[in-house]
Protein chains: 2
Amino acid sequence: MLTIGEFSQLTHLSVRTLRRYHDAGLLEPATVDRTTGYRYYTPEQIPAAQVVHRLRELDVPLADVQRILHSPDAATRAGLVADHLQRLERELDRTRAAVVSLRRLLRPEPAPLDVELRVLPATTVAAIEGDVTHDEVLGWYSGAMAELDAVVGEPTGSPGGLYDNSLFTEGRGHVLVYRPATMPPTTGRVRPVTLPAVELAVTTHAGEHDDIDVTYGQLGTWVVANTLAVAGPVRETYLVGPRDTPDRSAWRTEIGWPVFHVTRAEGSPLPGGTDV
Amino acid sequence: MLTIGEFSQLTHLSVRTLRRYHDAGLLEPATVDRTTGYRYYTPEQIPAAQVVHRLRELDVPLADVQRILHSPDAATRAGLVADHLQRLERELDRTRAAVVSLRRLLRPEPAPLDVELRVLPATTVAAIEGDVTHDEVLGWYSGAMAELDAVVGEPTGSPGGLYDNSLFTEGRGHVLVYRPATMPPTTGRVRPVTLPAVELAVTTHAGEHDDIDVTYGQLGTWVVANTLAVAGPVRETYLVGPRDTPDRSAWRTEIGWPVFHVTRAEGSPLPGGTDV
DNA sequence: GATGCTGCCTCCCCCTGGGGGAGAGTCCAG
DNA sequence: CTGGACTCTCCCCCAGGGGGAGGCAGCATC
């Protein structure tokens with residue numbers, strides 16, 4: 001039997017952390033003295049403690065560590081671990097994207113943006129809608145677009161999506177993806193939807209989407225500078241996307257922000273540089 | 001002037017988060033109405049907000065974001081950002097190491113370990129000591145060993161280090177690195193130090209140090225199983241290290257845990273497998 | 001047996017970077 | 001001028017710890 005201090009030295013987990021893991025229900029001491037409350041561990045617990053240590057180094061939440069430790073067979077454990085490695089992979093992608101985008105942001109001066117004000121009539125399209133989180137949206141989009149492709153068939157124009165602002169600001173929101181279609185069917189999740197007429201401030205983002213919200217910001221600046229206000233979900237149209245070319249730098253995404261005209265008292269500041 | 005909600009839509013930062021950034025002193029609204037407390041932003045603040053967004057995506061602490069935003073010149077900013085990218089790099093290394101090690105831990109059965117009990121006399125060596133954190137220790141080691149090499153010259157035996165257990169459990173502690181030397185000089189940080197005589201439980205770890213604490217755990221199990229207790233800082237001896245070969249799989253590290261004999265009432269459990 | 005050190009116990013507050021929600025005040029369009 | 005949307009502040013919550021207080025427990029030494 002080992003005291004908590006000895007066990008700490010053997011496992012490289014701090015005494016505090018061991019106590020926390022006890023409270024959390026993973027890594028229970030082999031014995032706890034009823035009267036003194038002293039925790040006692042056995043050497044057989046060392047490997048388990050090391051597994052916990054590793055999983056925590058990988059930022060696996062304690063609850064999931066618990067699940068992994070308590071799962072009955074090795075296959076389940078391996079699966080859970082694989083899930084987390086995949087999650088780390090995604091996180092890494094996100095980090096890479098942020099680095100790319102940060103470099104662009106810190107570059108001296110952004111290229112000025114071509115923005116066009118465009119009035120769109122109401123259009124009926126084949127669409128799939130759903131409420132998703134920011135994490136899910138990429139996967140959800142792929143699935144929905146695959147289903148649309150299966151139903152709509154022939155290319156009929158660029159696909160697009162409508163994204164609630166809350167998706168970006170709160171991390172979840174309503175999303176609609178569509179493909180233009182003359183006679184939109186009702187199959188599976190696909191429904192005919194009439195997109196309302198809007199006035200859009202439109203610009204085009206070139207390349208992959210790592211730093212697309214830099215373009216969003218520039219568009220926003222333009223919108224404000226032209227005494228407009230934002231109204232409703234943003235519309236993205238995928239002029240050139242992964243379905244067209246694997247060369248991500250060739251992608252072209254049209255961003256359209258529904259706007260309406262406002263009258264503002266103060267002079268609208270010019271869009272311009274920043275001190276960052 | 002933009003209300004917080006409009007600014008939120010334009011920057012993809014949630015209203016709550018914008019308020020927090022205000023409180024934290026980064027991203028102050030251009031105007032705050034004295035009587036109502038309403039925050040008002042200008043479009044010029046959008047790029048700054050985006051930089052903050054990116055930096056936060058890279059897990060840069062708010063305080064450091066503040067420093068980056070408020071640093072006077074672009075070079076300083078670039079330097080701070082580079083520091084963080086380097087930190088991310090290190091983090092990534094750590095994650096990679098944890099993955100490697102986790103795989104080894106989850107492998108069916110660990111190879112049994114050769115452990116030897118060895119009595120060491122007191123030895124005088126050329127040493128550098130310091131208090132470091134777990135994050136710093138690798139860099140610190142390189143610097144210290146380079147200085148030792150410069151002072152000691154000719155190879156005189158394997159270099160080594162003494163590491164306080166608190167370095168591993170609490171994340172910081174006292175460290176001593178040394179090279180054997182017949183007449184240890186006193187130059188720069190180098191001092192002659194007499195390592196006390198100890199009885200060591202010694203084993204050898206093969207390969208890089210990614211999963212060295214698995215070996216630590218096995219050694220610990222052996223120590224306990226042989227009615228010994230741990231006393232004092234662990235000693236590592238680098239029999240084959242980066243100075244000898246770039247082939248990491250050829251590295252050999254001797255781990256020596258100072259022990260003393262105890263008498264324990266209960267039968268010592270055998271070291272064995274785990275259910276993980 | 002007393003003393004005193006070290007180790008262990010619990011409990012509370014702190015940190016980071018947010019989210020949820022309450023209750024009250026404000027803005028603006030109809 | 002009224003209603004709804006927006007905004008304000010304030011408090012509590014989360015993970016996964018750390019710092020430190022105050023009080024027993026174990027054990028070697030005197």
# chains A, B, ... in the order shown; residues from 1 in each chain; ligands from 1
>>> interface_residues(of="chain B", to="chain D", cutoff="9 Å", atoms="only C-alpha atoms (C1' of nucleotides)", output="list in words")
Ile4, Gly5, Thr36, Gly37, Tyr38 and Arg39 of chain B
>>> write_last_selection(atoms="N, CA, C and O atoms", output="PDB file, in the first residue's frame")
ATOM      1  N   ILE B   4     -23.339  47.355 -29.953  1.00  0.00           N
ATOM      2  CA  ILE B   4     -22.588  46.138 -29.683  1.00  0.00           C
ATOM      3  C   ILE B   4     -23.127  44.976 -30.521  1.00  0.00           C
ATOM      4  O   ILE B   4     -22.367  44.117 -30.958  1.00  0.00           O
ATOM      5  N   GLY B   5     -24.423  44.972 -30.756  1.00  0.00           N
ATOM      6  CA  GLY B   5     -25.018  43.893 -31.541  1.00  0.00           C
ATOM      7  C   GLY B   5     -24.576  43.946 -32.993  1.00  0.00           C
ATOM      8  O   GLY B   5     -24.235  42.917 -33.581  1.00  0.00           O
ATOM      9  N   THR B  36     -26.341  55.826 -20.094  1.00  0.00           N
ATOM     10  CA  THR B  36     -26.986  54.525 -20.319  1.00  0.00           C
ATOM     11  C   THR B  36     -26.010  53.365 -20.243  1.00  0.00           C
ATOM     12  O   THR B  36     -26.421  52.221 -20.103  1.00  0.00           O
ATOM     13  N   GLY B  37     -24.720  53.646 -20.370  1.00  0.00           N
ATOM     14  CA  GLY B  37     -23.739  52.576 -20.371  1.00  0.00           C
ATOM     15  C   GLY B  37     -23.635  51.866 -21.703  1.00  0.00           C
ATOM     16  O   GLY B  37     -22.860  50.920 -21.831  1.00  0.00           O
ATOM     17  N   TYR B  38     -24.416  52.297 -22.702  1.00  0.00           N
ATOM     18  CA  TYR B  38     -24.364  51.654 -24.019  1.00  0.00           C
ATOM     19  C   TYR B  38     -22.969  51.801 -24.626  1.00  0.00           C
ATOM     20  O   TYR B  38     -22.361  52.861 -24.556  1.00  0.00           O
ATOM     21  N   ARG B  39     -22.497  50.689 -25.203  1.00  0.00           N
ATOM     22  CA  ARG B  39     -21.184  50.701 -25.861  1.00  0.00           C
ATOM     23  C   ARG B  39     -21.384  50.977 -27.344  1.00  0.00           C
ATOM     24  O   ARG B  39     -22.290  50.416 -27.971  1.00  0.00           O
TER      25      ARG B  39
END
>>> interface_residues(of="chain B", to="chain C", cutoff="9 Å", atoms="only C-alpha atoms (C1' of nucleotides)", output="VMD selection string")
chain B and resid 16 to 17 20 36 38 61 to 62
>>> write_last_selection(atoms="C-alpha atoms", output="tab-separated table (two decimals), in the first residue's frame")
chain	number	residue	atom	x	y	z
B	16	ARG	CA	-20.95	38.69	-24.20
B	17	THR	CA	-17.42	38.27	-25.39
B	20	ARG	CA	-15.72	40.86	-21.56
B	36	THR	CA	-26.99	54.53	-20.32
B	38	TYR	CA	-24.36	51.65	-24.02
B	61	PRO	CA	-4.11	34.48	-23.24
B	62	LEU	CA	-6.09	37.72	-23.11
>>> select_by_dssp(residues="stretch 83-211 of chain A", states="helix (DSSP H, G or I)", output="number ranges by chain")
A: 83-106, 137-152, 165-169, 209-211
>>> write_last_selection(atoms="N, CA and C atoms", output="short mmCIF file (atom, residue, chain, number, x, y, z; two decimals), in the first residue's frame")
data_model
loop_
_atom_site.label_atom_id
_atom_site.label_comp_id
_atom_site.auth_asym_id
_atom_site.auth_seq_id
_atom_site.Cartn_x
_atom_site.Cartn_y
_atom_site.Cartn_z
N ASP A 83 -11.41 8.44 -31.38
CA ASP A 83 -12.28 9.62 -31.50
C ASP A 83 -11.56 10.87 -31.06
N HIS A 84 -10.85 10.75 -29.95
CA HIS A 84 -10.20 11.94 -29.43
C HIS A 84 -9.02 12.35 -30.28
N LEU A 85 -8.33 11.38 -30.82
CA LEU A 85 -7.22 11.73 -31.69
C LEU A 85 -7.75 12.47 -32.91
N GLN A 86 -8.91 12.04 -33.38
CA GLN A 86 -9.53 12.72 -34.51
C GLN A 86 -9.89 14.16 -34.14
N ARG A 87 -10.39 14.30 -32.92
CA ARG A 87 -10.75 15.63 -32.47
C ARG A 87 -9.51 16.53 -32.41
N LEU A 88 -8.41 15.94 -31.95
CA LEU A 88 -7.17 16.71 -31.91
C LEU A 88 -6.77 17.12 -33.31
N GLU A 89 -6.97 16.21 -34.24
CA GLU A 89 -6.65 16.49 -35.63
C GLU A 89 -7.42 17.70 -36.13
N ARG A 90 -8.72 17.70 -35.84
CA ARG A 90 -9.56 18.84 -36.26
C ARG A 90 -9.08 20.13 -35.62
N GLU A 91 -8.75 20.03 -34.35
CA GLU A 91 -8.27 21.19 -33.62
C GLU A 91 -7.01 21.73 -34.29
N LEU A 92 -6.18 20.80 -34.68
CA LEU A 92 -4.93 21.19 -35.33
C LEU A 92 -5.22 21.93 -36.63
N ASP A 93 -6.19 21.44 -37.38
CA ASP A 93 -6.58 22.12 -38.61
C ASP A 93 -7.03 23.54 -38.31
N ARG A 94 -7.81 23.66 -37.27
CA ARG A 94 -8.31 24.98 -36.89
C ARG A 94 -7.14 25.90 -36.55
N THR A 95 -6.20 25.35 -35.82
CA THR A 95 -5.03 26.16 -35.45
C THR A 95 -4.26 26.58 -36.68
N ARG A 96 -4.06 25.62 -37.59
CA ARG A 96 -3.35 25.95 -38.82
C ARG A 96 -4.07 27.07 -39.56
N ALA A 97 -5.39 26.96 -39.66
CA ALA A 97 -6.17 27.98 -40.35
C ALA A 97 -6.00 29.33 -39.68
N ALA A 98 -6.01 29.33 -38.35
CA ALA A 98 -5.88 30.59 -37.62
C ALA A 98 -4.51 31.21 -37.87
N VAL A 99 -3.50 30.38 -37.95
CA VAL A 99 -2.16 30.91 -38.20
C VAL A 99 -2.11 31.58 -39.57
N VAL A 100 -2.62 30.86 -40.57
CA VAL A 100 -2.67 31.41 -41.93
C VAL A 100 -3.37 32.76 -41.93
N SER A 101 -4.53 32.77 -41.30
CA SER A 101 -5.34 33.96 -41.31
C SER A 101 -4.69 35.09 -40.55
N LEU A 102 -4.04 34.74 -39.45
CA LEU A 102 -3.38 35.78 -38.66
C LEU A 102 -2.27 36.44 -39.46
N ARG A 103 -1.54 35.62 -40.20
CA ARG A 103 -0.49 36.19 -41.05
C ARG A 103 -1.09 37.19 -42.03
N ARG A 104 -2.21 36.82 -42.61
CA ARG A 104 -2.84 37.73 -43.56
C ARG A 104 -3.28 39.02 -42.87
N LEU A 105 -3.81 38.87 -41.66
CA LEU A 105 -4.28 40.04 -40.94
C LEU A 105 -3.15 40.99 -40.58
N LEU A 106 -1.98 40.41 -40.29
CA LEU A 106 -0.88 41.25 -39.83
C LEU A 106 -0.09 41.84 -40.99
N VAL A 137 -20.83 22.31 -38.54
CA VAL A 137 -21.36 22.84 -39.78
C VAL A 137 -20.67 22.29 -41.02
N LEU A 138 -19.37 22.05 -40.94
CA LEU A 138 -18.67 21.55 -42.11
C LEU A 138 -19.17 20.16 -42.49
N GLY A 139 -19.25 19.29 -41.50
CA GLY A 139 -19.74 17.94 -41.77
C GLY A 139 -21.19 17.96 -42.23
N TRP A 140 -21.98 18.79 -41.58
CA TRP A 140 -23.39 18.88 -41.93
C TRP A 140 -23.53 19.34 -43.38
N TYR A 141 -22.74 20.31 -43.75
CA TYR A 141 -22.79 20.85 -45.10
C TYR A 141 -22.50 19.75 -46.13
N SER A 142 -21.45 18.97 -45.87
CA SER A 142 -21.09 17.91 -46.82
C SER A 142 -22.24 16.94 -47.01
N GLY A 143 -22.81 16.53 -45.89
CA GLY A 143 -23.91 15.57 -45.97
C GLY A 143 -25.10 16.14 -46.73
N ALA A 144 -25.45 17.38 -46.38
CA ALA A 144 -26.62 17.99 -47.01
C ALA A 144 -26.39 18.19 -48.50
N MET A 145 -25.21 18.64 -48.85
CA MET A 145 -24.95 18.90 -50.26
C MET A 145 -24.93 17.59 -51.05
N ALA A 146 -24.43 16.53 -50.45
CA ALA A 146 -24.43 15.23 -51.12
C ALA A 146 -25.87 14.80 -51.40
N GLU A 147 -26.72 15.00 -50.42
CA GLU A 147 -28.12 14.62 -50.59
C GLU A 147 -28.78 15.48 -51.68
N LEU A 148 -28.48 16.76 -51.68
CA LEU A 148 -29.01 17.64 -52.71
C LEU A 148 -28.54 17.19 -54.09
N ASP A 149 -27.27 16.87 -54.18
CA ASP A 149 -26.71 16.46 -55.47
C ASP A 149 -27.42 15.22 -55.98
N ALA A 150 -27.67 14.29 -55.06
CA ALA A 150 -28.32 13.04 -55.45
C ALA A 150 -29.72 13.31 -55.98
N VAL A 151 -30.38 14.31 -55.41
CA VAL A 151 -31.77 14.56 -55.77
C VAL A 151 -31.90 15.47 -56.99
N VAL A 152 -31.05 16.49 -57.03
CA VAL A 152 -31.20 17.48 -58.09
C VAL A 152 -30.57 17.02 -59.40
N ASN A 165 -26.55 34.70 -38.43
CA ASN A 165 -25.41 35.36 -37.80
C ASN A 165 -25.06 34.70 -36.47
N SER A 166 -26.06 34.16 -35.80
CA SER A 166 -25.78 33.56 -34.50
C SER A 166 -24.86 32.35 -34.63
N LEU A 167 -24.83 31.75 -35.84
CA LEU A 167 -23.91 30.63 -36.03
C LEU A 167 -22.47 31.08 -35.79
N PHE A 168 -22.16 32.29 -36.21
CA PHE A 168 -20.80 32.79 -36.07
C PHE A 168 -20.55 33.43 -34.72
N THR A 169 -21.58 34.13 -34.23
CA THR A 169 -21.34 34.86 -32.99
C THR A 169 -21.58 34.00 -31.75
N HIS A 209 -11.28 28.82 -47.10
CA HIS A 209 -12.08 29.61 -46.17
C HIS A 209 -11.39 29.93 -44.87
N ASP A 210 -10.09 29.60 -44.79
CA ASP A 210 -9.36 29.83 -43.54
C ASP A 210 -9.53 31.24 -43.02
N ASP A 211 -9.46 32.18 -43.92
CA ASP A 211 -9.49 33.57 -43.48
C ASP A 211 -10.69 34.30 -44.07
#
>>> interface_residues(of="chain A", to="chain B", cutoff="7 Å", atoms="only C-alpha atoms", output="compact mmCIF listing (two decimals) with all heavy atoms, in the first residue's frame")
# COMPACT_ATOMS: atom_id res chain seq x y z
N SER A 8 2.09 9.68 -5.71
CA SER A 8 2.34 10.88 -6.51
C SER A 8 3.74 10.82 -7.13
O SER A 8 3.92 11.10 -8.32
CB SER A 8 2.19 12.12 -5.63
OG SER A 8 2.79 13.24 -6.23
N GLN A 9 4.72 10.46 -6.34
CA GLN A 9 6.09 10.38 -6.86
C GLN A 9 6.19 9.32 -7.95
O GLN A 9 6.92 9.49 -8.93
CB GLN A 9 7.05 10.02 -5.73
CG GLN A 9 7.24 11.14 -4.73
CD GLN A 9 8.48 10.95 -3.90
OE1 GLN A 9 8.98 9.84 -3.74
NE2 GLN A 9 9.01 12.05 -3.37
N LEU A 10 5.47 8.25 -7.78
CA LEU A 10 5.57 7.13 -8.71
C LEU A 10 4.85 7.41 -10.03
O LEU A 10 5.20 6.84 -11.07
CB LEU A 10 4.98 5.86 -8.06
CG LEU A 10 5.94 4.85 -7.42
CD1 LEU A 10 7.21 5.51 -6.92
CD2 LEU A 10 5.26 4.08 -6.31
N THR A 11 3.84 8.26 -9.98
CA THR A 11 3.02 8.46 -11.18
C THR A 11 3.22 9.83 -11.80
O THR A 11 2.72 10.09 -12.90
CB THR A 11 1.53 8.33 -10.84
OG1 THR A 11 1.20 9.30 -9.85
CG2 THR A 11 1.21 6.94 -10.34
N HIS A 12 3.94 10.72 -11.08
CA HIS A 12 4.14 12.08 -11.57
C HIS A 12 2.83 12.86 -11.67
O HIS A 12 2.70 13.77 -12.48
CB HIS A 12 4.87 12.09 -12.91
CG HIS A 12 6.28 11.60 -12.80
ND1 HIS A 12 7.07 11.37 -13.88
CD2 HIS A 12 7.04 11.33 -11.72
CE1 HIS A 12 8.26 10.94 -13.47
NE2 HIS A 12 8.26 10.92 -12.17
N LEU A 13 1.88 12.46 -10.85
CA LEU A 13 0.66 13.26 -10.73
C LEU A 13 0.72 13.96 -9.37
O LEU A 13 1.14 13.35 -8.38
CB LEU A 13 -0.58 12.37 -10.78
CG LEU A 13 -0.90 11.73 -12.13
CD1 LEU A 13 -1.86 10.55 -11.97
CD2 LEU A 13 -1.49 12.76 -13.07
N SER A 14 0.31 15.21 -9.32
CA SER A 14 0.42 15.92 -8.05
C SER A 14 -0.59 15.37 -7.05
O SER A 14 -1.61 14.79 -7.42
CB SER A 14 0.19 17.41 -8.24
OG SER A 14 -1.17 17.69 -8.37
N PRO A 43 0.47 -0.58 -6.10
CA PRO A 43 1.31 -0.45 -7.29
C PRO A 43 0.58 -0.86 -8.57
O PRO A 43 0.91 -0.38 -9.64
CB PRO A 43 2.47 -1.41 -7.02
CG PRO A 43 2.48 -1.59 -5.55
CD PRO A 43 1.07 -1.44 -5.09
N GLU A 44 -0.40 -1.72 -8.46
CA GLU A 44 -1.16 -2.13 -9.64
C GLU A 44 -1.89 -0.95 -10.27
O GLU A 44 -2.29 -1.00 -11.42
CB GLU A 44 -2.20 -3.20 -9.28
CG GLU A 44 -1.64 -4.59 -9.09
CD GLU A 44 -1.08 -4.76 -7.69
OE1 GLU A 44 -1.19 -3.79 -6.89
OE2 GLU A 44 -0.52 -5.82 -7.41
N ILE A 46 -0.63 1.95 -10.80
CA ILE A 46 0.28 2.87 -11.49
C ILE A 46 0.00 2.96 -12.99
O ILE A 46 -0.12 4.06 -13.53
CB ILE A 46 1.75 2.49 -11.21
CG1 ILE A 46 2.07 2.72 -9.73
CG2 ILE A 46 2.70 3.28 -12.10
CD1 ILE A 46 3.44 2.27 -9.32
N PRO A 47 -0.12 1.80 -13.67
CA PRO A 47 -0.38 1.93 -15.11
C PRO A 47 -1.66 2.68 -15.42
O PRO A 47 -1.71 3.50 -16.35
CB PRO A 47 -0.47 0.47 -15.57
CG PRO A 47 0.29 -0.30 -14.55
CD PRO A 47 0.07 0.41 -13.26
N ALA A 48 -2.70 2.45 -14.65
CA ALA A 48 -3.95 3.18 -14.88
C ALA A 48 -3.72 4.68 -14.70
O ALA A 48 -4.20 5.49 -15.48
CB ALA A 48 -5.03 2.67 -13.93
N VAL A 51 -2.12 6.06 -17.71
CA VAL A 51 -3.06 6.24 -18.82
C VAL A 51 -3.83 7.55 -18.62
O VAL A 51 -3.99 8.36 -19.54
CB VAL A 51 -4.02 5.05 -18.93
CG1 VAL A 51 -5.13 5.36 -19.91
CG2 VAL A 51 -3.27 3.81 -19.36
N ARG A 54 -1.66 10.49 -19.49
CA ARG A 54 -1.52 10.68 -20.93
C ARG A 54 -2.76 11.29 -21.54
O ARG A 54 -2.69 12.20 -22.36
CB ARG A 54 -1.27 9.33 -21.62
CG ARG A 54 0.05 8.75 -21.36
CD ARG A 54 1.10 9.77 -21.57
NE ARG A 54 2.40 9.19 -21.34
CZ ARG A 54 3.47 9.90 -21.09
NH1 ARG A 54 3.39 11.21 -21.02
NH2 ARG A 54 4.61 9.31 -20.90
N GLU A 57 -2.98 14.80 -20.82
CA GLU A 57 -2.04 15.57 -21.65
C GLU A 57 -2.64 15.83 -23.02
O GLU A 57 -2.28 16.80 -23.68
CB GLU A 57 -0.72 14.81 -21.79
CG GLU A 57 0.25 15.06 -20.66
CD GLU A 57 1.61 14.44 -20.96
OE1 GLU A 57 1.66 13.37 -21.59
OE2 GLU A 57 2.61 15.03 -20.56
N LEU A 58 -3.50 14.95 -23.44
CA LEU A 58 -4.18 15.13 -24.73
C LEU A 58 -5.47 15.92 -24.56
O LEU A 58 -6.29 15.97 -25.47
CB LEU A 58 -4.47 13.76 -25.35
CG LEU A 58 -3.22 12.96 -25.73
CD1 LEU A 58 -3.60 11.56 -26.16
CD2 LEU A 58 -2.48 13.67 -26.84
N LEU A 69 -11.48 4.48 -19.17
CA LEU A 69 -10.97 3.55 -18.16
C LEU A 69 -11.98 2.46 -17.83
O LEU A 69 -11.61 1.32 -17.58
CB LEU A 69 -10.62 4.31 -16.88
CG LEU A 69 -9.32 5.09 -16.87
CD1 LEU A 69 -9.14 5.77 -15.54
CD2 LEU A 69 -8.14 4.18 -17.15
N THR A 95 -6.20 25.35 -35.82
CA THR A 95 -5.03 26.16 -35.45
C THR A 95 -4.26 26.58 -36.68
O THR A 95 -3.87 27.74 -36.83
CB THR A 95 -4.12 25.35 -34.51
OG1 THR A 95 -4.85 24.99 -33.35
CG2 THR A 95 -2.90 26.16 -34.13
N ALA A 98 -6.01 29.33 -38.35
CA ALA A 98 -5.88 30.59 -37.62
C ALA A 98 -4.51 31.21 -37.87
O ALA A 98 -4.39 32.43 -37.99
CB ALA A 98 -6.11 30.36 -36.13
N LEU A 102 -4.04 34.74 -39.45
CA LEU A 102 -3.38 35.78 -38.66
C LEU A 102 -2.27 36.44 -39.46
O LEU A 102 -2.11 37.66 -39.45
CB LEU A 102 -2.80 35.16 -37.39
CG LEU A 102 -2.16 36.14 -36.41
CD1 LEU A 102 -3.18 37.16 -35.93
CD2 LEU A 102 -1.56 35.40 -35.22
N LEU A 105 -3.81 38.87 -41.66
CA LEU A 105 -4.28 40.04 -40.94
C LEU A 105 -3.15 40.99 -40.58
O LEU A 105 -3.32 42.20 -40.57
CB LEU A 105 -4.97 39.60 -39.64
CG LEU A 105 -6.45 39.31 -39.72
CD1 LEU A 105 -6.93 38.77 -38.40
CD2 LEU A 105 -7.20 40.59 -40.07
N ASN A 165 -26.55 34.70 -38.43
CA ASN A 165 -25.41 35.36 -37.80
C ASN A 165 -25.06 34.70 -36.47
O ASN A 165 -23.90 34.67 -36.07
CB ASN A 165 -25.72 36.84 -37.58
CG ASN A 165 -25.51 37.63 -38.86
OD1 ASN A 165 -24.42 37.62 -39.41
ND2 ASN A 165 -26.57 38.25 -39.35
N PHE A 168 -22.16 32.29 -36.21
CA PHE A 168 -20.80 32.79 -36.07
C PHE A 168 -20.55 33.43 -34.72
O PHE A 168 -19.48 33.30 -34.15
CB PHE A 168 -20.49 33.80 -37.19
CG PHE A 168 -20.73 33.25 -38.57
CD1 PHE A 168 -21.75 33.74 -39.36
CD2 PHE A 168 -19.94 32.22 -39.06
CE1 PHE A 168 -21.97 33.23 -40.63
CE2 PHE A 168 -20.16 31.70 -40.33
CZ PHE A 168 -21.18 32.21 -41.12
N THR A 169 -21.58 34.13 -34.23
CA THR A 169 -21.34 34.86 -32.99
C THR A 169 -21.58 34.00 -31.75
O THR A 169 -20.81 34.05 -30.82
CB THR A 169 -22.25 36.11 -32.91
OG1 THR A 169 -23.61 35.70 -33.05
CG2 THR A 169 -21.91 37.09 -34.01
N GLU A 170 -22.64 33.19 -31.78
CA GLU A 170 -22.93 32.36 -30.61
C GLU A 170 -22.43 30.93 -30.78
O GLU A 170 -22.43 30.15 -29.84
CB GLU A 170 -24.44 32.29 -30.33
CG GLU A 170 -25.18 33.61 -30.47
CD GLU A 170 -24.70 34.64 -29.48
OE1 GLU A 170 -24.36 34.24 -28.37
OE2 GLU A 170 -24.64 35.83 -29.85
N GLY A 217 -15.17 40.89 -42.56
CA GLY A 217 -14.93 42.15 -41.87
C GLY A 217 -14.82 43.32 -42.84
O GLY A 217 -15.37 44.39 -42.61
N GLY A 220 -18.17 44.08 -44.06
CA GLY A 220 -18.91 44.78 -43.01
C GLY A 220 -18.53 46.26 -42.95
O GLY A 220 -19.38 47.13 -42.81
N THR A 221 -17.24 46.51 -43.06
CA THR A 221 -16.78 47.89 -43.06
C THR A 221 -17.41 48.67 -44.21
O THR A 221 -17.89 49.80 -44.05
CB THR A 221 -15.25 47.93 -43.19
OG1 THR A 221 -14.69 47.15 -42.15
CG2 THR A 221 -14.74 49.35 -43.09
N VAL A 224 -21.11 49.42 -43.55
CA VAL A 224 -21.31 50.52 -42.61
C VAL A 224 -20.96 51.85 -43.26
O VAL A 224 -21.67 52.85 -43.09
CB VAL A 224 -20.47 50.30 -41.35
CG1 VAL A 224 -20.55 51.52 -40.45
CG2 VAL A 224 -20.97 49.07 -40.60
N PRO A 271 -13.70 53.37 -44.48
CA PRO A 271 -13.03 52.11 -44.17
C PRO A 271 -11.54 52.35 -44.31
O PRO A 271 -11.11 53.07 -45.20
CB PRO A 271 -13.54 51.16 -45.24
CG PRO A 271 -14.00 52.03 -46.35
CD PRO A 271 -14.44 53.32 -45.74
N GLY A 272 -10.77 51.78 -43.45
CA GLY A 272 -9.37 52.11 -43.57
C GLY A 272 -8.49 51.18 -42.78
O GLY A 272 -8.93 50.14 -42.29
N THR A 274 -5.75 49.87 -39.89
CA THR A 274 -5.85 49.72 -38.46
C THR A 274 -4.45 49.91 -37.90
O THR A 274 -3.47 49.92 -38.63
CB THR A 274 -6.36 48.33 -38.09
OG1 THR A 274 -6.22 48.18 -36.69
CG2 THR A 274 -5.52 47.28 -38.77
N VAL A 276 -3.14 47.75 -36.09
CA VAL A 276 -2.69 46.42 -35.68
C VAL A 276 -1.95 45.74 -36.82
O VAL A 276 -2.44 45.73 -37.92
CB VAL A 276 -3.88 45.57 -35.23
CG1 VAL A 276 -3.40 44.16 -34.95
CG2 VAL A 276 -4.49 46.17 -33.99
>>> select_by_dssp(residues="stretch 226-257 of chain B", states="strand (DSSP E)", output="PyMOL selection string")
chain B and resi 228-230+234-240+252-257
>>> atom_distance(atom1="atom CA of B:Leu18", atom2="atom CA of B:Val32")
13.2 Å
>>> atom_distance(atom1="atom CA of B:Met183", atom2="atom CA of B:Thr156")
11.2 Å
